[in-house]
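Here is the structure we will look at.
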Amino acid sequence: MRIAVAGGTGVVGHHAVEVARERGHEVVVLTRSAGADLTTGEGVADRLAGVTAVIDATNVRSQRRAAAEAFFAGVTRTLLTAGRDAGVGHHVVLSIVGIDDVDSGYYAGKRLQERVAAEGGVPWSVLRATQFHEFAQQALSFARLGRFSLVPRMLSQPVAAREVGAALVDLATGDAVGRAPDLAGPEVHQMVDLARRVAERDGRRVVPVRLPGRAGAAMRSGALLPRGDGPRGRITFDEWLASR
């Protein structure tokens, strides 16, 4: 099977590429260096020739609503338009658990991405996952003051990026399901505690921060945790940290 992965060099995307190849699939990585510009659409249609399914694991760092919505909606429309022309039969989107309950600009972009995919005319699946184990390290760079990192207080049930990548491949090689069951890790943690454990190895100090407003309160109260039954990853944060 020929699978295209947008964001195939990112935290989750590169795992999706590796898993798909290990399972014997042909993988097309959609990057500028490979001749596919997802923001302008240049070269995307050519790269999707013969592709059966597209996995979208793209990301943008901006937390501003306008920028996040423009990026996620724009990339999704580009992929869907090129996918329809190329005869792609399945469009798979990676999203985030809890985005309906946390009013942030970035999550608004992800919500719009899901709607665009659902209305795009290509059979679709959306996998919402919790934060990855790698998020604890990423959080150390959000706001830095010398040796100190400001890390938001938030409850999370982190999952290994490798397991998310594998779940995306599972979806891409099956029939479209619409909204798939949420994927989370095996344990609930306070993100500040995880960031401190990573910071010990990186020589940094963590300062907990209470994010303001309803979004911050929702994150502290567990709005980003999965609700109900769903698949759970098996790799714990301890195991991930030991393997770094």
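For the structure tokens, the naming scheme is as follows: chains receive sequential letters (A, B, ...) according to their order of presentation, residues are indexed from 1 within each chain, and ligands are indexed from 1 in presentation order.
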
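Using only C-alpha atoms, the protein and nucleic acid residues lying no more than 6 Å from region 180-197 of chain A, apart from those fewer than 2 places from it along its own chain, are Val126, Leu127, Arg128, Ala129, Thr130, Ala136, Arg153, Met154, Leu155, Ser156, Gln157, Pro158, Val159, Ala199, Glu200, Val206, Gly230, Pro231, Arg232, Gly233 and Arg234 of chain A.
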
Could you write out the selected residues, including C-alpha atoms, as a PDB file, in the first residue's frame?
ATOM      1  CA  VAL A 126      -9.560  11.619  13.078  1.00  0.00           C
ATOM      2  CA  LEU A 127      -7.442  10.259  15.909  1.00  0.00           C
ATOM      3  CA  ARG A 128      -7.324  12.422  19.010  1.00  0.00           C
ATOM      4  CA  ALA A 129      -4.360  11.620  21.249  1.00  0.00           C
ATOM      5  CA  THR A 130      -3.186  13.033  24.558  1.00  0.00           C
ATOM      6  CA  ALA A 136       7.550  17.276  28.917  1.00  0.00           C
ATOM      7  CA  ARG A 153       0.259  23.363  35.531  1.00  0.00           C
ATOM      8  CA  MET A 154      -1.845  20.802  33.687  1.00  0.00           C
ATOM      9  CA  LEU A 155      -3.011  17.259  34.147  1.00  0.00           C
ATOM     10  CA  SER A 156      -2.080  14.905  31.344  1.00  0.00           C
ATOM     11  CA  GLN A 157      -2.168  11.223  30.487  1.00  0.00           C
ATOM     12  CA  PRO A 158       0.819  11.191  28.124  1.00  0.00           C
ATOM     13  CA  VAL A 159       1.350   8.571  25.463  1.00  0.00           C
ATOM     14  CA  ALA A 199      15.013  19.082  33.458  1.00  0.00           C
ATOM     15  CA  GLU A 200      17.204  17.205  35.936  1.00  0.00           C
ATOM     16  CA  VAL A 206      11.275  24.326  36.468  1.00  0.00           C
ATOM     17  CA  GLY A 230     -10.543   3.920  24.565  1.00  0.00           C
ATOM     18  CA  PRO A 231      -7.187   2.512  23.539  1.00  0.00           C
ATOM     19  CA  ARG A 232      -4.351   3.012  26.001  1.00  0.00           C
ATOM     20  CA  GLY A 233      -0.647   3.016  25.250  1.00  0.00           C
ATOM     21  CA  ARG A 234       1.595   0.628  27.151  1.00  0.00           C
TER      22      ARG A 234
END

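Minimum atom-to-atom distances from A:Ile235, A:Ile96, A:Asp229, A:Arg47 to Gln131 (chain A) were compared using only C-alpha atoms, and the lowest value belongs to A:Ile96.
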
If you run DSSP on the backbone, which residues of region 8-142 of chain A are alpha helix (DSSP H), as a JSON list (two decimals) with C-alpha atoms, in the first residue's frame?
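Final file, out_8.json:
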[["chain", "number", "residue", "atom", "x", "y", "z"],
["A", 13, "GLY", "CA", 5.13, 11.73, 11.82],
["A", 14, "HIS", "CA", 8.57, 10.16, 11.68],
["A", 15, "HIS", "CA", 7.28, 7.26, 13.78],
["A", 16, "ALA", "CA", 4.35, 6.79, 11.39],
["A", 17, "VAL", "CA", 6.83, 6.66, 8.52],
["A", 18, "GLU", "CA", 9.00, 4.09, 10.31],
["A", 19, "VAL", "CA", 6.07, 1.88, 11.32],
["A", 20, "ALA", "CA", 4.53, 1.93, 7.85],
["A", 21, "ARG", "CA", 7.83, 0.96, 6.24],
["A", 22, "GLU", "CA", 8.42, -1.79, 8.80],
["A", 44, "VAL", "CA", 1.65, 18.03, -3.59],
["A", 45, "ALA", "CA", -0.54, 16.54, -6.34],
["A", 46, "ASP", "CA", 2.48, 14.97, -8.03],
["A", 47, "ARG", "CA", 3.62, 13.39, -4.76],
["A", 65, "ARG", "CA", -5.85, 31.58, 16.85],
["A", 66, "ALA", "CA", -5.59, 33.28, 13.46],
["A", 67, "ALA", "CA", -2.23, 31.70, 12.68],
["A", 68, "ALA", "CA", -3.24, 28.23, 13.91],
["A", 69, "GLU", "CA", -6.52, 28.25, 12.00],
["A", 70, "ALA", "CA", -4.87, 29.51, 8.83],
["A", 71, "PHE", "CA", -2.18, 26.83, 8.99],
["A", 72, "PHE", "CA", -4.29, 23.80, 9.87],
["A", 73, "ALA", "CA", -7.21, 24.68, 7.60],
["A", 74, "GLY", "CA", -4.90, 25.64, 4.74],
["A", 75, "VAL", "CA", -2.80, 22.48, 4.88],
["A", 76, "THR", "CA", -5.88, 20.29, 5.22],
["A", 77, "ARG", "CA", -7.60, 21.88, 2.22],
["A", 78, "THR", "CA", -4.41, 21.52, 0.18],
["A", 79, "LEU", "CA", -4.15, 17.83, 1.02],
["A", 80, "LEU", "CA", -7.83, 17.17, 0.38],
["A", 81, "THR", "CA", -7.89, 18.97, -2.96],
["A", 82, "ALA", "CA", -4.78, 17.19, -4.19],
["A", 83, "GLY", "CA", -6.02, 13.94, -2.69],
["A", 84, "ARG", "CA", -9.34, 14.08, -4.53],
["A", 85, "ASP", "CA", -7.55, 14.75, -7.81],
["A", 86, "ALA", "CA", -5.16, 11.85, -7.18],
["A", 105, "GLY", "CA", -6.01, 29.61, 19.85],
["A", 106, "TYR", "CA", -4.02, 26.50, 18.99],
["A", 107, "TYR", "CA", -6.90, 24.18, 19.86],
["A", 108, "ALA", "CA", -9.26, 26.35, 17.80],
["A", 109, "GLY", "CA", -6.98, 25.59, 14.86],
["A", 110, "LYS", "CA", -7.22, 21.86, 15.53],
["A", 111, "ARG", "CA", -11.02, 22.01, 15.81],
["A", 112, "LEU", "CA", -11.20, 23.78, 12.46],
["A", 113, "GLN", "CA", -8.87, 21.19, 10.94],
["A", 114, "GLU", "CA", -11.22, 18.41, 12.02],
["A", 115, "ARG", "CA", -14.23, 20.20, 10.50],
["A", 116, "VAL", "CA", -12.45, 20.82, 7.21],
["A", 117, "ALA", "CA", -11.47, 17.15, 7.00],
["A", 118, "ALA", "CA", -15.03, 16.02, 7.73],
["A", 135, "PHE", "CA", 5.83, 17.14, 25.52],
["A", 136, "ALA", "CA", 7.55, 17.28, 28.92],
["A", 137, "GLN", "CA", 10.80, 18.21, 27.22],
["A", 138, "GLN", "CA", 9.13, 20.56, 24.75]]

Have a look at A:Ala53, A:Met1, A:Leu30, A:Ile99 and name the one nearest to Leu225 (chain A); count only C-alpha atoms. A:Ile99

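Residue nearest Ser33 (chain A), chosen from A:Ser141, A:Ala166, A:Gly7, A:Gly50 and counting only C-alpha atoms: A:Gly7.
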
Residue among A:Ala160, A:Val122, A:Ala4, A:Ile55 lying closest to Leu94 (chain A), counting only C-alpha atoms: A:Ile55

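Distances from A:Ala223, A:Val12, A:Val51, A:Asp101 to Glu26 (chain A) were compared using only C-alpha atoms, and the smallest one belongs to A:Val51.
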
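Taking CA of Leu145 (chain A) as the reference point, CA of Pro208 (chain A) is found at 12.9 Å.
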
As a PyMOL selection string, list the residues of region 1-238 of chain A assigned to strand (DSSP E or B) by DSSP on the backbone atoms of this structure. chain A and resi 2-6+26-30+53-56+90-96+124-129+132+144-145+148-152+155-156+159+178-179+183-184+189-190+205-209+232

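Taking CA of Ala217 (chain A) and CA of Gly98 (chain A) as endpoints, the distance between them is 13.1 Å.
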
Could you state the separation of CA of Glu119 (chain A) and CA of Gly87 (chain A) in Å, given to one decimal place? 16.6 Å

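The closest residue to Val169 (chain A), picked from A:Asp37, A:Asp238, A:Glu42, A:Asp56 and counting only C-alpha atoms, is A:Asp56.
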